[in-house]
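Text of upload20.cif (mmCIF, C-alpha atoms) as supplied:
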```cif
data_query
#
loop_
_atom_site.label_atom_id
_atom_site.label_comp_id
_atom_site.auth_asym_id
_atom_site.auth_seq_id
_atom_site.Cartn_x
_atom_site.Cartn_y
_atom_site.Cartn_z
CA ALA A 1 30.37 -11.78 -61.16
CA ALA A 2 26.61 -11.48 -61.60
CA ALA A 3 26.25 -15.26 -61.68
CA GLY A 4 28.23 -15.57 -58.47
CA SER A 5 26.07 -12.94 -56.84
CA ASP A 6 22.92 -14.75 -57.93
CA GLY A 7 24.28 -17.97 -56.44
CA GLU A 8 25.01 -16.30 -53.11
CA ASP A 9 21.54 -14.74 -53.06
CA ALA A 10 19.96 -18.14 -53.73
CA ALA A 11 21.99 -19.72 -50.94
CA GLU A 12 20.93 -16.99 -48.49
CA GLU A 13 17.28 -17.39 -49.49
CA GLY A 14 17.54 -21.14 -48.94
CA ALA A 15 19.07 -20.69 -45.50
CA ALA A 16 16.38 -18.21 -44.55
CA SER A 17 13.57 -20.51 -45.64
CA ALA A 18 15.09 -23.39 -43.67
CA ALA A 19 15.16 -21.37 -40.46
CA PRO A 20 12.14 -21.62 -38.14
CA SER A 21 9.68 -18.73 -38.45
CA GLY A 22 10.30 -17.72 -34.85
CA ALA A 23 13.93 -16.91 -35.73
CA ALA A 24 12.69 -13.72 -37.39
CA THR A 25 11.72 -12.26 -33.99
CA VAL A 26 14.08 -10.45 -31.64
CA PHE A 27 13.40 -10.36 -27.90
CA VAL A 28 14.31 -6.90 -26.58
CA LYS A 29 14.99 -6.42 -22.88
CA GLY A 30 15.91 -3.28 -20.95
CA LEU A 31 13.45 -0.91 -22.62
CA ALA A 32 12.81 2.42 -20.93
CA PHE A 33 9.21 2.78 -19.80
CA SER A 34 8.90 5.82 -22.07
CA THR A 35 10.04 3.99 -25.20
CA SER A 36 7.29 3.55 -27.78
CA GLU A 37 6.75 0.96 -30.49
CA GLY A 38 7.56 3.64 -33.03
CA GLY A 39 10.91 4.38 -31.44
CA VAL A 40 11.84 0.69 -31.40
CA GLU A 41 10.76 0.25 -35.01
CA GLU A 42 12.80 3.26 -36.14
CA LEU A 43 15.95 1.78 -34.59
CA PHE A 44 15.52 -1.77 -35.89
CA ALA A 45 14.44 -0.64 -39.35
CA THR A 46 18.04 0.47 -39.89
CA VAL A 47 18.86 -3.25 -40.20
CA GLY A 48 15.95 -4.39 -42.39
CA PRO A 49 12.18 -4.25 -42.99
CA VAL A 50 10.25 -4.68 -39.73
CA ARG A 51 6.95 -6.56 -39.83
CA ALA A 52 5.72 -5.80 -36.31
CA VAL A 53 6.75 -4.40 -32.92
CA LYS A 54 5.06 -5.34 -29.66
CA ILE A 55 5.71 -3.91 -26.20
CA PRO A 56 3.62 -5.64 -23.50
CA ARG A 57 2.02 -3.19 -21.10
CA ARG A 58 0.15 -3.16 -17.84
CA ALA A 59 -3.61 -2.84 -17.92
CA ALA A 60 -4.90 0.59 -18.96
CA VAL A 61 -6.09 2.82 -16.12
CA ALA A 62 -8.76 5.51 -16.56
CA GLY A 63 -8.44 5.27 -20.32
CA ARG A 64 -4.69 5.86 -20.28
CA GLU A 65 -2.32 3.46 -21.97
CA GLY A 66 -0.74 1.04 -19.50
CA GLN A 67 2.94 1.38 -18.57
CA SER A 68 5.45 -0.67 -20.51
CA LEU A 69 6.73 -3.83 -18.80
CA GLY A 70 10.25 -2.98 -19.98
CA TYR A 71 10.60 -5.54 -22.77
CA GLY A 72 9.31 -6.09 -26.27
CA PHE A 73 9.47 -8.05 -29.51
CA VAL A 74 10.54 -7.04 -33.00
CA GLU A 75 9.52 -9.27 -35.89
CA PHE A 76 11.46 -8.91 -39.13
CA GLU A 77 10.29 -10.04 -42.55
CA ASP A 78 13.59 -11.88 -43.02
CA PRO A 79 15.13 -14.08 -40.28
CA ALA A 80 18.60 -13.04 -41.46
CA HIS A 81 17.84 -9.45 -40.46
CA ALA A 82 16.89 -10.58 -36.96
CA THR A 83 20.28 -12.23 -36.56
CA GLN A 84 22.03 -9.12 -37.89
CA ALA A 85 20.04 -6.90 -35.54
CA VAL A 86 21.15 -8.87 -32.48
CA LYS A 87 24.79 -8.54 -33.55
CA ARG A 88 24.71 -4.91 -34.69
CA LEU A 89 22.37 -3.41 -32.10
CA GLN A 90 23.37 -5.34 -28.98
CA ALA A 91 23.84 -2.89 -26.05
CA THR A 92 22.64 0.03 -28.17
CA VAL A 93 21.36 2.84 -25.94
CA LEU A 94 17.73 3.81 -26.62
CA ASP A 95 16.09 6.50 -24.50
CA GLY A 96 18.87 6.18 -21.96
CA ARG A 97 18.76 2.38 -21.60
CA ALA A 98 21.16 -0.20 -23.04
CA LEU A 99 19.24 -2.90 -24.90
CA ASP A 100 19.72 -6.62 -24.28
CA LEU A 101 18.85 -8.55 -27.46
CA SER A 102 18.35 -12.20 -28.29
CA ILE A 103 16.57 -14.28 -30.91
CA SER A 104 13.11 -15.30 -29.77
CA ARG A 105 11.83 -18.89 -29.90
CA SER A 106 13.66 -21.93 -31.30
CA ALA A 107 17.14 -21.71 -32.70
CA PRO A 108 18.29 -23.70 -35.76
CA ARG A 109 19.22 -27.33 -35.10
CA ALA A 110 22.94 -26.56 -35.34
CA ASP A 111 22.61 -24.29 -32.28
CA LYS A 112 20.91 -26.84 -30.01
CA THR A 113 24.11 -27.67 -28.10
CA VAL A 114 24.83 -24.00 -27.45
CA GLN A 115 21.19 -23.48 -26.51
CA ARG A 116 21.24 -26.32 -23.98
CA ARG A 117 24.48 -25.04 -22.42
CA ALA A 118 23.01 -21.55 -22.12
CA ALA A 119 19.92 -22.96 -20.44
CA LYS A 120 22.11 -24.79 -17.92
CA ASP A 121 24.13 -21.66 -17.15
CA ALA A 122 21.01 -19.54 -16.80
CA SER A 123 19.11 -21.77 -14.40
CA GLY A 124 21.95 -23.41 -12.52
CA THR A 125 20.75 -26.85 -13.59
CA ALA A 126 20.33 -28.70 -16.86
CA PRO A 127 16.84 -29.82 -17.94
CA PRO A 128 15.94 -33.04 -16.07
CA THR A 129 15.32 -34.68 -19.48
CA ARG A 130 15.46 -33.49 -23.07
CA ALA A 131 11.67 -33.76 -23.09
CA ALA A 132 11.23 -31.42 -20.10
CA THR A 133 8.66 -28.70 -20.75
CA LYS A 134 7.69 -27.41 -17.29
CA LEU A 135 9.27 -24.38 -15.65
CA LEU A 136 9.07 -23.03 -12.12
CA VAL A 137 9.08 -19.22 -11.99
CA LYS A 138 9.98 -17.76 -8.58
CA ASN A 139 10.30 -14.27 -7.09
CA LEU A 140 7.12 -13.09 -8.79
CA ALA A 141 5.62 -9.80 -7.70
CA PHE A 142 2.25 -10.26 -6.03
CA GLU A 143 0.57 -8.14 -8.72
CA ALA A 144 1.80 -10.43 -11.50
CA THR A 145 -1.01 -12.19 -13.39
CA ARG A 146 -1.34 -15.26 -15.60
CA ASP A 147 -1.65 -12.92 -18.58
CA ASP A 148 1.71 -11.34 -17.68
CA LEU A 149 3.35 -14.78 -17.70
CA ARG A 150 1.60 -15.75 -20.93
CA GLN A 151 2.84 -12.57 -22.64
CA LEU A 152 6.39 -13.04 -21.42
CA PHE A 153 6.82 -16.77 -22.02
CA GLY A 154 4.40 -17.07 -24.95
CA ALA A 155 6.86 -15.20 -27.14
CA PHE A 156 9.04 -18.33 -27.19
CA GLY A 157 6.44 -20.85 -28.26
CA LYS A 158 3.04 -22.37 -27.65
CA LEU A 159 2.11 -22.70 -23.99
CA ARG A 160 0.25 -25.74 -22.72
CA ASN A 161 -0.51 -24.39 -19.26
CA VAL A 162 0.20 -21.45 -16.94
CA ARG A 163 -0.50 -21.73 -13.22
CA LEU A 164 -0.27 -18.99 -10.62
CA PRO A 165 -1.06 -20.37 -7.14
CA ARG A 166 -2.81 -17.94 -4.81
CA LYS A 167 -3.54 -17.73 -1.11
CA GLN A 168 -7.07 -17.97 0.22
CA GLY A 169 -7.32 -14.18 0.26
CA GLY A 170 -6.51 -14.02 -3.45
CA SER A 171 -2.97 -12.63 -3.24
CA GLY A 172 -0.16 -14.39 -5.10
CA ARG A 173 2.28 -16.79 -3.44
CA GLY A 174 5.28 -15.40 -5.30
CA PHE A 175 5.77 -18.28 -7.72
CA GLY A 176 4.13 -19.85 -10.75
CA PHE A 177 4.43 -22.63 -13.30
CA VAL A 178 4.72 -22.43 -17.08
CA GLU A 179 4.41 -25.50 -19.29
CA PHE A 180 5.43 -25.38 -22.96
CA ALA A 181 4.14 -27.62 -25.73
CA SER A 182 7.71 -27.96 -27.02
CA ALA A 183 10.79 -28.88 -25.00
CA ALA A 184 12.99 -26.85 -27.37
CA ASP A 185 10.90 -23.73 -26.77
CA ALA A 186 11.12 -24.28 -23.00
CA ARG A 187 14.93 -24.43 -23.20
CA THR A 188 15.02 -21.26 -25.27
CA ALA A 189 12.82 -19.43 -22.76
CA VAL A 190 15.06 -20.44 -19.85
CA SER A 191 18.21 -19.18 -21.56
CA SER A 192 16.62 -16.01 -22.98
CA LEU A 193 14.86 -14.89 -19.78
CA ALA A 194 17.73 -15.51 -17.36
CA SER A 195 18.09 -11.77 -16.65
CA SER A 196 14.46 -10.75 -17.07
CA HIS A 197 12.46 -8.61 -14.66
CA LEU A 198 8.72 -8.36 -14.14
CA TYR A 199 7.23 -5.51 -12.13
CA GLY A 200 10.72 -4.57 -11.02
CA ARG A 201 11.62 -8.02 -9.65
CA HIS A 202 14.27 -10.31 -11.10
CA LEU A 203 12.66 -13.59 -12.09
CA VAL A 204 14.22 -16.86 -10.93
CA ILE A 205 13.44 -19.51 -13.54
CA GLN A 206 14.13 -23.16 -12.83
CA TRP A 207 13.12 -26.51 -14.25
CA ALA A 208 10.20 -28.22 -12.54
CA GLN A 209 11.49 -31.73 -12.04
CA ASP A 210 8.19 -33.57 -12.41
CA ASP A 211 4.51 -33.50 -11.45
CA GLY A 212 5.41 -34.85 -8.04
CA SER A 213 7.71 -31.93 -7.30
CA LEU A 214 5.03 -29.48 -8.42
CA GLY A 215 2.52 -31.07 -6.09
CA ALA A 216 4.99 -31.05 -3.23
CA LEU A 217 5.68 -27.36 -3.74
CA HIS A 218 1.95 -26.61 -3.85
CA SER A 219 1.43 -28.53 -0.62
CA LYS A 220 4.33 -26.82 1.13
CA ALA A 221 3.04 -23.38 0.15
CA ALA A 222 -0.50 -24.29 1.24
CA ARG A 223 0.73 -25.52 4.63
CA ALA A 224 2.67 -22.31 5.16
CA ALA A 225 -0.39 -20.24 4.29
CA ASP A 226 -2.61 -22.28 6.62
CA LYS A 227 -0.10 -21.88 9.44
CA GLU A 228 -0.12 -18.12 9.01
CA ALA A 229 -3.92 -18.14 9.21
CA GLU A 230 -4.08 -20.17 12.43
CA PRO A 231 -5.20 -18.16 15.51
CA ALA A 232 -2.65 -17.59 18.20
CA PRO A 233 -2.87 -20.03 21.14
CA PRO A 234 -4.54 -18.65 24.29
CA GLN A 235 -2.23 -17.25 26.90
#
```
Output the file's structure in the form of structure tokens.
Amino acid sequence: AAAGSDGEDAAEEGAASAAPSGAATVFVKGLAFSTSEGGVEELFATVGPVRAVKIPRRAAVAGREGQSLGYGFVEFEDPAHATQAVKRLQATVLDGRALDLSISRSAPRADKTVQRRAAKDASGTAPPTRAATKLLVKNLAFEATRDDLRQLFGAFGKLRNVRLPRKQGGSGRGFGFVEFASAADARTAVSSLASSHLYGRHLVIQWAQDDGSLGALHSKAARAADKEAEPAPPQ
């Protein structure tokens, strides 16, 4: 029996080592603003050893810790524990809020078909190509910053570029662009963030078709802003 147990342990260790490092991190949505890193760690530690917990927050004001953005990340020492946590703790109520859990970053190769289907369902359209890496993020709150987008999307992989177009007065236009270094990470972000909120607004995440479409959208937004700034014709 001992030999069989040793064989199973070896197989599990091999599977864990073959999984990408990002698979050890759980993306946690639906956190109460009052929930602390310690409270999250206490819950997830019931599944296995936790390496780190991060809850992105708004900028500190007058020396006080900034308010939570309502989501966070839990990194386990063992990827298998991350998978177990998603299954066992899904919809668990913490500080009055039901948690929405998913594995952060790339999934194993065997899950690529499921991942692609989820991305299509989440955005309403499949990636224009399997190499697509650029996302259009709409319905952004005007106070959202590039750092906010980097924190949110950077949890799923390396980012090549983040753009947040602004009007002449400096206020946001309500949309932005995120470009990943990896197409797989971009697909994971689309599927994982389908129900995400930032500053109380539900994000609409779509695939940017190509550089031409990005330029067209920039131009359209600029024309609208210029039109608003034009003086009224004399009566």
Atom-to-atom span, atom CA of A:Ser195 and atom CA of A:Leu69, Å: 14.0 Å
Expected selection from the PyMOL selection byres ((chain A and resi 30) around 7), given as a PDB file with C-alpha atoms, in the frame of the given file:
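Now in out_6.pdb:
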```pdb
ATOM      1  CA  VAL A  28      14.310  -6.900 -26.580  1.00  0.00           C
ATOM      2  CA  LYS A  29      14.990  -6.420 -22.880  1.00  0.00           C
ATOM      3  CA  LEU A  31      13.450  -0.910 -22.620  1.00  0.00           C
ATOM      4  CA  ALA A  32      12.810   2.420 -20.930  1.00  0.00           C
ATOM      5  CA  GLY A  70      10.250  -2.980 -19.980  1.00  0.00           C
ATOM      6  CA  TYR A  71      10.600  -5.540 -22.770  1.00  0.00           C
ATOM      7  CA  ARG A  97      18.760   2.380 -21.600  1.00  0.00           C
ATOM      8  CA  ALA A  98      21.160  -0.200 -23.040  1.00  0.00           C
ATOM      9  CA  LEU A  99      19.240  -2.900 -24.900  1.00  0.00           C
ATOM     10  CA  ASP A 100      19.720  -6.620 -24.280  1.00  0.00           C
TER      11      ASP A 100
END
```
Between atom CA of A:Glu75 and atom CA of A:Val162 - distance in Å to one decimal: 24.4 Å
Nearest to A:Ser182, chosen from A:Thr133, A:Asn139, A:Gln90, A:Gln168, with all atoms listed in the file counted in the distances: A:Thr133
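Distance cut-off 6 Å, centre (8.6, -8.5, -33.0), atoms counted only C-alpha atoms; the residues meeting this are Thr25, Val26, Ala52, Val53, Lys54, Phe73, Val74 and Glu75 of chain A.
Here atom CA of A:Gly157 and atom CA of A:Thr129 stand 18.6 Å from one another.
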Which residue of A:Arg51, A:His202, A:Arg57, A:His81 approaches A:Ala23 most closely, using all atoms listed in the file: A:His81
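The shortest atom-to-atom distance to A:Lys134, with all atoms listed in the file taken into account, belongs to A:Asn161 out of A:Thr46, A:Ser102, A:Gln151, A:Asn161.
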Residues in the PyMOL selection byres ((chain A and resi 199) around 9), expressed as a PyMOL selection string: chain A and resi 69-70+140-141+143-144+197-198+200-202
All residues 8 Å or closer to stretch 176-179 of chain A, all atoms listed in the file, same chain fewer than 4 positions away omitted, as a PyMOL selection string: chain A and resi 133-138+140+149+153+159-165+186
Of the listed residues A:Ala194, A:Gly96, A:Trp207, A:Ala189, that which approaches A:Gly154 most closely, counting all atoms listed in the file: A:Ala189
The PyMOL selection byres ((chain A and resi 40) around 10) resolved against shown file, as a PyMOL selection string: chain A and resi 28+31+35-39+41-45+53-55+72-74+94-95
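Counting all atoms listed in the file and comparing A:Ala183, A:Ser171, A:Val47, A:Glu77, the residue that lies closest to A:Ala132 is A:Ala183.
Residues lying within 6 Å of A:Phe76, counting only C-alpha atoms and ignoring same-chain neighbours fewer than 2 positions away, are Ala24, Val50, Arg51 and Asp78 of chain A.
Of the residues under consideration (A:Arg88, A:Phe33, A:Thr145, A:Gln206), A:Phe33 shows the shortest atom-to-atom contact distance to A:Gln67 when counting only C-alpha atoms.
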